[in-house]
>>> print(open('structure24.tsv').read())   # TSV, N, CA and C atoms
chain	number	residue	atom	x	y	z
J	5	MET	N	0.82	-1.20	0.00
J	5	MET	CA	0.00	0.00	0.00
J	5	MET	C	0.86	1.26	0.00
J	6	ARG	N	2.05	1.14	0.57
J	6	ARG	CA	2.96	2.29	0.60
J	6	ARG	C	3.24	2.80	-0.81
J	7	TYR	N	3.36	1.88	-1.77
J	7	TYR	CA	3.65	2.27	-3.14
J	7	TYR	C	2.47	3.01	-3.78
J	8	VAL	N	1.25	2.59	-3.44
J	8	VAL	CA	0.07	3.25	-3.99
J	8	VAL	C	-0.03	4.68	-3.47
J	9	VAL	N	0.14	4.85	-2.16
J	9	VAL	CA	0.07	6.18	-1.55
J	9	VAL	C	1.17	7.08	-2.10
J	10	SER	N	2.36	6.52	-2.24
J	10	SER	CA	3.47	7.31	-2.78
J	10	SER	C	3.22	7.69	-4.23
J	11	ALA	N	2.67	6.76	-5.01
J	11	ALA	CA	2.38	7.06	-6.42
J	11	ALA	C	1.32	8.14	-6.54
J	12	VAL	N	0.28	8.08	-5.72
J	12	VAL	CA	-0.76	9.11	-5.75
J	12	VAL	C	-0.16	10.47	-5.37
J	13	ALA	N	0.68	10.48	-4.34
J	13	ALA	CA	1.32	11.73	-3.91
J	13	ALA	C	2.20	12.31	-5.01
J	14	ILE	N	2.96	11.46	-5.68
J	14	ILE	CA	3.87	11.93	-6.72
J	14	ILE	C	3.09	12.43	-7.94
J	15	VAL	N	2.05	11.72	-8.34
J	15	VAL	CA	1.24	12.15	-9.48
J	15	VAL	C	0.54	13.47	-9.17
J	16	TYR	N	-0.03	13.58	-7.97
J	16	TYR	CA	-0.70	14.81	-7.56
J	16	TYR	C	0.30	15.97	-7.51
J	17	ALA	N	1.50	15.71	-7.04
J	17	ALA	CA	2.53	16.75	-6.99
J	17	ALA	C	2.94	17.19	-8.38
J	18	VAL	N	3.13	16.24	-9.29
J	18	VAL	CA	3.54	16.59	-10.66
J	18	VAL	C	2.44	17.38	-11.36
J	19	LEU	N	1.18	17.00	-11.16
J	19	LEU	CA	0.08	17.76	-11.75
J	19	LEU	C	0.02	19.18	-11.19
J	20	SER	N	0.27	19.31	-9.90
J	20	SER	CA	0.28	20.64	-9.28
J	20	SER	C	1.45	21.48	-9.80
J	21	LEU	N	2.60	20.84	-9.97
J	21	LEU	CA	3.75	21.55	-10.53
J	21	LEU	C	3.48	22.02	-11.95
J	22	TYR	N	2.84	21.18	-12.73
J	22	TYR	CA	2.50	21.55	-14.11
J	22	TYR	C	1.53	22.73	-14.12
J	23	ALA	N	0.51	22.66	-13.27
J	23	ALA	CA	-0.47	23.75	-13.19
J	23	ALA	C	0.20	25.05	-12.77
J	24	ALA	N	1.11	24.96	-11.81
J	24	ALA	CA	1.80	26.17	-11.34
J	24	ALA	C	2.72	26.74	-12.42
J	25	ALA	N	3.40	25.86	-13.13
J	25	ALA	CA	4.33	26.32	-14.17
J	25	ALA	C	3.60	27.03	-15.30
J	26	THR	N	2.41	26.57	-15.63
J	26	THR	CA	1.67	27.22	-16.72
J	26	THR	C	1.12	28.58	-16.31
J	27	GLN	N	0.97	28.82	-15.02
J	27	GLN	CA	0.40	30.07	-14.53
J	27	GLN	C	1.46	31.08	-14.08
J	28	LEU	N	2.71	30.69	-14.02
J	28	LEU	CA	3.76	31.60	-13.54
J	28	LEU	C	3.94	32.83	-14.43
J	29	LYS	N	3.62	32.71	-15.70
J	29	LYS	CA	3.81	33.84	-16.63
J	29	LYS	C	2.82	34.96	-16.39
J	30	ASN	N	1.70	34.63	-15.78
J	30	ASN	CA	0.64	35.61	-15.54
J	30	ASN	C	0.96	36.38	-14.25
J	31	PRO	N	1.24	37.68	-14.32
J	31	PRO	CA	1.60	38.43	-13.11
J	31	PRO	C	0.48	38.50	-12.07
J	32	ALA	N	-0.76	38.39	-12.50
J	32	ALA	CA	-1.88	38.45	-11.56
J	32	ALA	C	-1.96	37.18	-10.71
J	33	ARG	N	-1.38	36.10	-11.18
J	33	ARG	CA	-1.45	34.82	-10.47
J	33	ARG	C	-0.09	34.38	-9.94
J	34	ARG	N	0.81	35.31	-9.79
J	34	ARG	CA	2.16	34.95	-9.37
J	34	ARG	C	2.20	34.38	-7.96
J	35	ILE	N	1.42	34.94	-7.04
J	35	ILE	CA	1.44	34.47	-5.65
J	35	ILE	C	0.89	33.06	-5.56
J	36	SER	N	-0.27	32.83	-6.17
J	36	SER	CA	-0.87	31.49	-6.10
J	36	SER	C	-0.01	30.47	-6.84
J	37	SER	N	0.62	30.88	-7.94
J	37	SER	CA	1.49	29.96	-8.68
J	37	SER	C	2.72	29.58	-7.86
J	38	THR	N	3.27	30.56	-7.18
J	38	THR	CA	4.44	30.29	-6.35
J	38	THR	C	4.09	29.37	-5.18
J	39	LEU	N	2.94	29.61	-4.56
J	39	LEU	CA	2.50	28.73	-3.48
J	39	LEU	C	2.28	27.31	-3.97
J	40	MET	N	1.64	27.17	-5.13
J	40	MET	CA	1.38	25.84	-5.67
J	40	MET	C	2.68	25.16	-6.09
J	41	LEU	N	3.61	25.92	-6.61
J	41	LEU	CA	4.91	25.37	-6.98
J	41	LEU	C	5.64	24.85	-5.74
J	42	ALA	N	5.63	25.63	-4.68
J	42	ALA	CA	6.27	25.19	-3.44
J	42	ALA	C	5.56	23.97	-2.86
J	43	GLY	N	4.24	23.99	-2.86
J	43	GLY	CA	3.48	22.85	-2.35
J	43	GLY	C	3.72	21.60	-3.16
J	44	GLY	N	3.80	21.73	-4.48
J	44	GLY	CA	4.07	20.59	-5.34
J	44	GLY	C	5.45	19.99	-5.09
J	45	LEU	N	6.43	20.85	-4.91
J	45	LEU	CA	7.79	20.36	-4.62
J	45	LEU	C	7.84	19.66	-3.27
J	46	ILE	N	7.18	20.22	-2.28
J	46	ILE	CA	7.17	19.62	-0.95
J	46	ILE	C	6.42	18.29	-0.98
J	47	LEU	N	5.31	18.24	-1.71
J	47	LEU	CA	4.55	16.99	-1.81
J	47	LEU	C	5.33	15.93	-2.59
J	48	LEU	N	6.06	16.34	-3.60
J	48	LEU	CA	6.92	15.41	-4.33
J	48	LEU	C	7.97	14.82	-3.38
J	49	LEU	N	8.55	15.66	-2.57
J	49	LEU	CA	9.49	15.20	-1.56
J	49	LEU	C	8.83	14.22	-0.59
J	50	ALA	N	7.61	14.51	-0.18
J	50	ALA	CA	6.89	13.63	0.74
J	50	ALA	C	6.65	12.26	0.12
J	51	GLY	N	6.30	12.23	-1.17
J	51	GLY	CA	6.11	10.95	-1.84
J	51	GLY	C	7.39	10.14	-1.89
J	52	ILE	N	8.49	10.79	-2.14
J	52	ILE	CA	9.79	10.10	-2.17
J	52	ILE	C	10.17	9.63	-0.77
J	53	LEU	N	9.92	10.47	0.24
J	53	LEU	CA	10.23	10.07	1.61
J	53	LEU	C	9.36	8.90	2.06
J	54	GLU	N	8.11	8.86	1.62
J	54	GLU	CA	7.24	7.74	1.95
J	54	GLU	C	7.74	6.46	1.31
J	55	LEU	N	8.26	6.55	0.10
J	55	LEU	CA	8.84	5.37	-0.55
J	55	LEU	C	10.03	4.82	0.23
J	56	SER	N	10.77	5.71	0.86
J	56	SER	CA	11.93	5.28	1.63
J	56	SER	C	11.56	4.95	3.07
J	57	ALA	N	10.25	4.90	3.38
J	57	ALA	CA	9.72	4.50	4.69
J	57	ALA	C	10.13	5.45	5.81
J	58	TRP	N	10.20	6.73	5.51
J	58	TRP	CA	10.52	7.72	6.54
J	58	TRP	C	9.24	8.01	7.31
J	59	GLY	N	9.26	7.84	8.60
J	59	GLY	CA	8.08	7.95	9.45
J	59	GLY	C	7.29	9.24	9.34
J	60	PRO	N	7.92	10.38	9.52
J	60	PRO	CA	7.15	11.64	9.49
J	60	PRO	C	6.85	12.18	8.09
J	61	ALA	N	6.80	11.33	7.08
J	61	ALA	CA	6.48	11.79	5.73
J	61	ALA	C	5.08	12.37	5.68
J	62	TRP	N	4.20	11.92	6.55
J	62	TRP	CA	2.83	12.43	6.57
J	62	TRP	C	2.82	13.92	6.93
J	63	LEU	N	3.74	14.33	7.79
J	63	LEU	CA	3.79	15.74	8.18
J	63	LEU	C	4.23	16.61	7.01
J	64	VAL	N	5.17	16.12	6.23
J	64	VAL	CA	5.60	16.84	5.03
J	64	VAL	C	4.44	16.91	4.03
J	65	THR	N	3.64	15.84	3.98
J	65	THR	CA	2.46	15.82	3.11
J	65	THR	C	1.45	16.88	3.53
J	66	VAL	N	1.26	17.03	4.82
J	66	VAL	CA	0.32	18.05	5.32
J	66	VAL	C	0.76	19.43	4.85
J	67	ILE	N	2.02	19.73	4.99
J	67	ILE	CA	2.54	21.05	4.61
J	67	ILE	C	2.37	21.29	3.11
J	68	GLY	N	2.81	20.34	2.29
J	68	GLY	CA	2.70	20.50	0.84
J	68	GLY	C	1.26	20.59	0.36
J	69	SER	N	0.40	19.75	0.91
J	69	SER	CA	-1.00	19.75	0.50
J	69	SER	C	-1.72	21.03	0.91
J	70	LEU	N	-1.41	21.52	2.09
J	70	LEU	CA	-2.03	22.78	2.52
J	70	LEU	C	-1.62	23.95	1.63
J	71	LEU	N	-0.37	23.95	1.20
J	71	LEU	CA	0.07	25.01	0.28
J	71	LEU	C	-0.66	24.92	-1.05
J	72	ILE	N	-0.86	23.70	-1.55
J	72	ILE	CA	-1.58	23.52	-2.80
J	72	ILE	C	-3.03	23.97	-2.66
J	73	CYS	N	-3.67	23.57	-1.56
J	73	CYS	CA	-5.07	23.96	-1.33
J	73	CYS	C	-5.21	25.47	-1.17
J	74	GLN	N	-4.27	26.09	-0.46
J	74	GLN	CA	-4.32	27.53	-0.27
J	74	GLN	C	-4.13	28.27	-1.60
J	75	ALA	N	-3.22	27.78	-2.43
J	75	ALA	CA	-3.01	28.38	-3.74
J	75	ALA	C	-4.27	28.30	-4.60
J	76	ALA	N	-4.97	27.17	-4.52
J	76	ALA	CA	-6.21	27.01	-5.29
J	76	ALA	C	-7.28	27.97	-4.78
J	77	LEU	N	-7.37	28.17	-3.49
J	77	LEU	CA	-8.34	29.12	-2.94
J	77	LEU	C	-8.03	30.55	-3.38
J	78	ILE	N	-6.76	30.93	-3.32
J	78	ILE	CA	-6.36	32.27	-3.75
J	78	ILE	C	-6.66	32.47	-5.24
J	79	ASN	N	-6.37	31.45	-6.03
J	79	ASN	CA	-6.62	31.54	-7.47
J	79	ASN	C	-8.11	31.64	-7.76
J	80	GLY	N	-8.92	30.90	-7.02
J	80	GLY	CA	-10.37	30.97	-7.20
J	80	GLY	C	-10.93	32.34	-6.86
J	81	LYS	N	-10.43	32.93	-5.78
J	81	LYS	CA	-10.88	34.27	-5.40
J	81	LYS	C	-10.45	35.31	-6.42
J	82	ALA	N	-9.26	35.16	-6.98
J	82	ALA	CA	-8.77	36.11	-7.98
J	82	ALA	C	-9.60	36.04	-9.26
J	83	ASN	N	-10.08	34.84	-9.58
J	83	ASN	CA	-10.92	34.67	-10.78
J	83	ASN	C	-12.37	35.04	-10.52
J	84	GLY	N	-12.75	35.16	-9.27
J	84	GLY	CA	-14.14	35.45	-8.95
J	84	GLY	C	-15.02	34.21	-8.98
J	85	ARG	N	-14.41	33.03	-9.09
J	85	ARG	CA	-15.15	31.77	-9.10
J	85	ARG	C	-14.53	30.83	-8.08
J	86	THR	N	-15.30	30.48	-7.10
J	86	THR	CA	-14.83	29.52	-6.12
J	86	THR	C	-15.69	28.27	-6.28
J	87	ARG	N	-15.14	27.27	-6.89
J	87	ARG	CA	-15.87	26.02	-7.12
J	87	ARG	C	-15.57	25.07	-5.96
J	88	LEU	N	-16.56	24.90	-5.14
J	88	LEU	CA	-16.38	24.09	-3.94
J	88	LEU	C	-16.10	22.63	-4.27
J	89	GLU	N	-16.60	22.15	-5.41
J	89	GLU	CA	-16.35	20.75	-5.79
J	89	GLU	C	-14.85	20.50	-5.99
J	90	HIS	N	-14.18	21.44	-6.61
J	90	HIS	CA	-12.74	21.29	-6.86
J	90	HIS	C	-11.96	21.28	-5.54
J	91	HIS	N	-12.36	22.15	-4.64
J	91	HIS	CA	-11.68	22.21	-3.35
J	91	HIS	C	-11.98	20.97	-2.53
J	92	ALA	N	-13.18	20.44	-2.65
J	92	ALA	CA	-13.54	19.20	-1.94
J	92	ALA	C	-12.70	18.03	-2.44
J	93	VAL	N	-12.46	17.98	-3.74
J	93	VAL	CA	-11.64	16.91	-4.31
J	93	VAL	C	-10.20	17.03	-3.80
J	94	ARG	N	-9.66	18.23	-3.79
J	94	ARG	CA	-8.31	18.43	-3.25
J	94	ARG	C	-8.24	18.04	-1.78
J	95	PHE	N	-9.26	18.39	-1.03
J	95	PHE	CA	-9.30	18.05	0.39
J	95	PHE	C	-9.35	16.53	0.58
J	96	LEU	N	-10.15	15.85	-0.20
J	96	LEU	CA	-10.24	14.39	-0.08
J	96	LEU	C	-8.93	13.71	-0.47
J	97	ILE	N	-8.28	14.21	-1.50
J	97	ILE	CA	-6.97	13.67	-1.87
J	97	ILE	C	-5.98	13.88	-0.74
J	98	THR	N	-6.01	15.05	-0.12
J	98	THR	CA	-5.12	15.34	1.00
J	98	THR	C	-5.39	14.41	2.17
J	99	VAL	N	-6.65	14.20	2.50
J	99	VAL	CA	-7.00	13.30	3.61
J	99	VAL	C	-6.56	11.88	3.30
J	100	PHE	N	-6.78	11.41	2.06
J	100	PHE	CA	-6.35	10.08	1.67
J	100	PHE	C	-4.84	9.93	1.82
J	101	LEU	N	-4.09	10.92	1.36
J	101	LEU	CA	-2.63	10.84	1.45
J	101	LEU	C	-2.15	10.81	2.89
J	102	ILE	N	-2.71	11.67	3.72
J	102	ILE	CA	-2.28	11.73	5.11
J	102	ILE	C	-2.62	10.43	5.84
J	103	LEU	N	-3.85	9.96	5.69
J	103	LEU	CA	-4.23	8.71	6.35
J	103	LEU	C	-3.46	7.52	5.81
J	104	GLY	N	-3.23	7.53	4.50
J	104	GLY	CA	-2.45	6.46	3.90
J	104	GLY	C	-1.02	6.41	4.42
J	105	MET	N	-0.42	7.57	4.59
J	105	MET	CA	0.95	7.59	5.11
J	105	MET	C	1.01	7.29	6.59
J	106	LEU	N	-0.04	7.62	7.32
J	106	LEU	CA	-0.06	7.33	8.76
J	106	LEU	C	-0.27	5.84	9.05
J	107	PHE	N	-1.15	5.20	8.31
J	107	PHE	CA	-1.57	3.85	8.69
J	107	PHE	C	-1.02	2.73	7.82
J	108	TRP	N	-0.44	3.06	6.63
J	108	TRP	CA	0.09	1.98	5.82
J	108	TRP	C	1.57	2.13	5.71
>>> encode(input="structure24.tsv", output="structure tokens")
Amino acid sequence: MRYVVSAVAIVYAVLSLYAAATQLKNPARRISSTLMLAGGLILLLAGILELSAWGPAWLVTVIGSLLICQAALINGKANGRTRLEHHAVRFLITVFLILGMLFW
């Protein structure tokens, strides 16, 4: 199960990094892009640490995921559209990753 949780964390991190990289050129979204970029890098690190069976990898996951979620909230407010479904999906992925790293 460790491999599944790590794979989900790494895929989610890479998708977040891609989303952040495409938005970095826009000056209006620079803050949210930077937060998402940092969160994606931290979450990528957490996935790698989980693969190496490092105990507190879940804590690194919390930090990275919260940065990604915060960046999405900031981006939604800047666009004037806050889609709760998207934030709920991010929240569920975060909960799955944290629980997966804690118990498996």
>>> select_by_dssp(input="structure24.tsv", residues="chain J", states="alpha helix (DSSP H)", output="ChimeraX atom specification")
/J:6-27,34-55,61-83,88-107
>>> axis_aligned_box(input="structure24.tsv", around="region 69-76 of chain J", padding_each_side="4 Å", output="AutoDock Vina command-line options")
--center_x -3.4 --center_y 24.1 --center_z -1.4 --size_x 15.7 --size_y 16.6 --size_z 15.8
>>> residues_around(input="structure24.tsv", residues="Ala61 (chain J)", least_positions_apart="5", cutoff="6 Å", atoms="all atoms listed in the file", output="list in words")
Ala50, Leu53 and Glu54 of chain J
>>> residues_around(input="structure24.tsv", residues="Leu63 (chain J)", least_positions_apart="6", cutoff="8 Å", atoms="only N, CA and C atoms", output="list of chain:residue names")
J:Ala50, J:Ser69, J:Ile102, J:Met105, J:Leu106
>>> residues_around(input="structure24.tsv", residues="Arg94 (chain J)", least_positions_apart="5", cutoff="7 Å", atoms="all atoms listed in the file", output="CSV table (one decimal) with N, CA and C atoms, in the coordinates of the input")
chain,number,residue,atom,x,y,z
J,73,CYS,N,-3.7,23.6,-1.6
J,73,CYS,CA,-5.1,24.0,-1.3
J,73,CYS,C,-5.2,25.5,-1.2
J,89,GLU,N,-16.6,22.2,-5.4
J,89,GLU,CA,-16.4,20.8,-5.8
J,89,GLU,C,-14.8,20.5,-6.0
J,99,VAL,N,-6.6,14.2,2.5
J,99,VAL,CA,-7.0,13.3,3.6
J,99,VAL,C,-6.6,11.9,3.3
>>> residues_around(input="structure24.tsv", residues="Ala17 (chain J)", least_positions_apart="6", cutoff="8 Å", atoms="only N, CA and C atoms", output="VMD selection string")
chain J and resid 11 23 43 to 49
>>> write_last_selection(input="structure24.tsv", atoms="N, CA and C atoms", output="mmCIF file, in the coordinates of the input")
data_model
loop_
_atom_site.group_PDB
_atom_site.id
_atom_site.type_symbol
_atom_site.label_atom_id
_atom_site.label_comp_id
_atom_site.auth_asym_id
_atom_site.auth_seq_id
_atom_site.Cartn_x
_atom_site.Cartn_y
_atom_site.Cartn_z
ATOM 1 N N ALA J 11 2.670 6.760 -5.010
ATOM 2 C CA ALA J 11 2.380 7.060 -6.420
ATOM 3 C C ALA J 11 1.320 8.140 -6.540
ATOM 4 N N ALA J 23 0.510 22.660 -13.270
ATOM 5 C CA ALA J 23 -0.470 23.750 -13.190
ATOM 6 C C ALA J 23 0.200 25.050 -12.770
ATOM 7 N N GLY J 43 4.240 23.990 -2.860
ATOM 8 C CA GLY J 43 3.480 22.850 -2.350
ATOM 9 C C GLY J 43 3.720 21.600 -3.160
ATOM 10 N N GLY J 44 3.800 21.730 -4.480
ATOM 11 C CA GLY J 44 4.070 20.590 -5.340
ATOM 12 C C GLY J 44 5.450 19.990 -5.090
ATOM 13 N N LEU J 45 6.430 20.850 -4.910
ATOM 14 C CA LEU J 45 7.790 20.360 -4.620
ATOM 15 C C LEU J 45 7.840 19.660 -3.270
ATOM 16 N N ILE J 46 7.180 20.220 -2.280
ATOM 17 C CA ILE J 46 7.170 19.620 -0.950
ATOM 18 C C ILE J 46 6.420 18.290 -0.980
ATOM 19 N N LEU J 47 5.310 18.240 -1.710
ATOM 20 C CA LEU J 47 4.550 16.990 -1.810
ATOM 21 C C LEU J 47 5.330 15.930 -2.590
ATOM 22 N N LEU J 48 6.060 16.340 -3.600
ATOM 23 C CA LEU J 48 6.920 15.410 -4.330
ATOM 24 C C LEU J 48 7.970 14.820 -3.380
ATOM 25 N N LEU J 49 8.550 15.660 -2.570
ATOM 26 C CA LEU J 49 9.490 15.200 -1.560
ATOM 27 C C LEU J 49 8.830 14.220 -0.590
#
>>> closest_residue(input="structure24.tsv", among="J:Arg6, J:Ser20, J:Leu96, J:Leu103", to="Trp62 (chain J)", atoms="all atoms listed in the file")
J:Leu103
>>> atom_distance(input="structure24.tsv", atom1="atom N of Ala25 (chain J)", atom2="atom C of Gly80 (chain J)")
16.9 Å
>>> closest_residue(input="structure24.tsv", among="J:Leu21, J:Ala75, J:Ala57, J:Ile97", to="Ser36 (chain J)", atoms="all atoms listed in the file")
J:Ala75
>>> atom_distance(input="structure24.tsv", atom1="atom C of Thr86 (chain J)", atom2="atom C of Val9 (chain J)")
27.4 Å
>>> closest_residue(input="structure24.tsv", among="J:Met5, J:Ala76, J:Ala82, J:Leu19", to="Ala32 (chain J)", atoms="all atoms listed in the file")
J:Ala82
>>> atom_distance(input="structure24.tsv", atom1="CA of Gln74 (chain J)", atom2="CA of Phe95 (chain J)")
10.7 Å
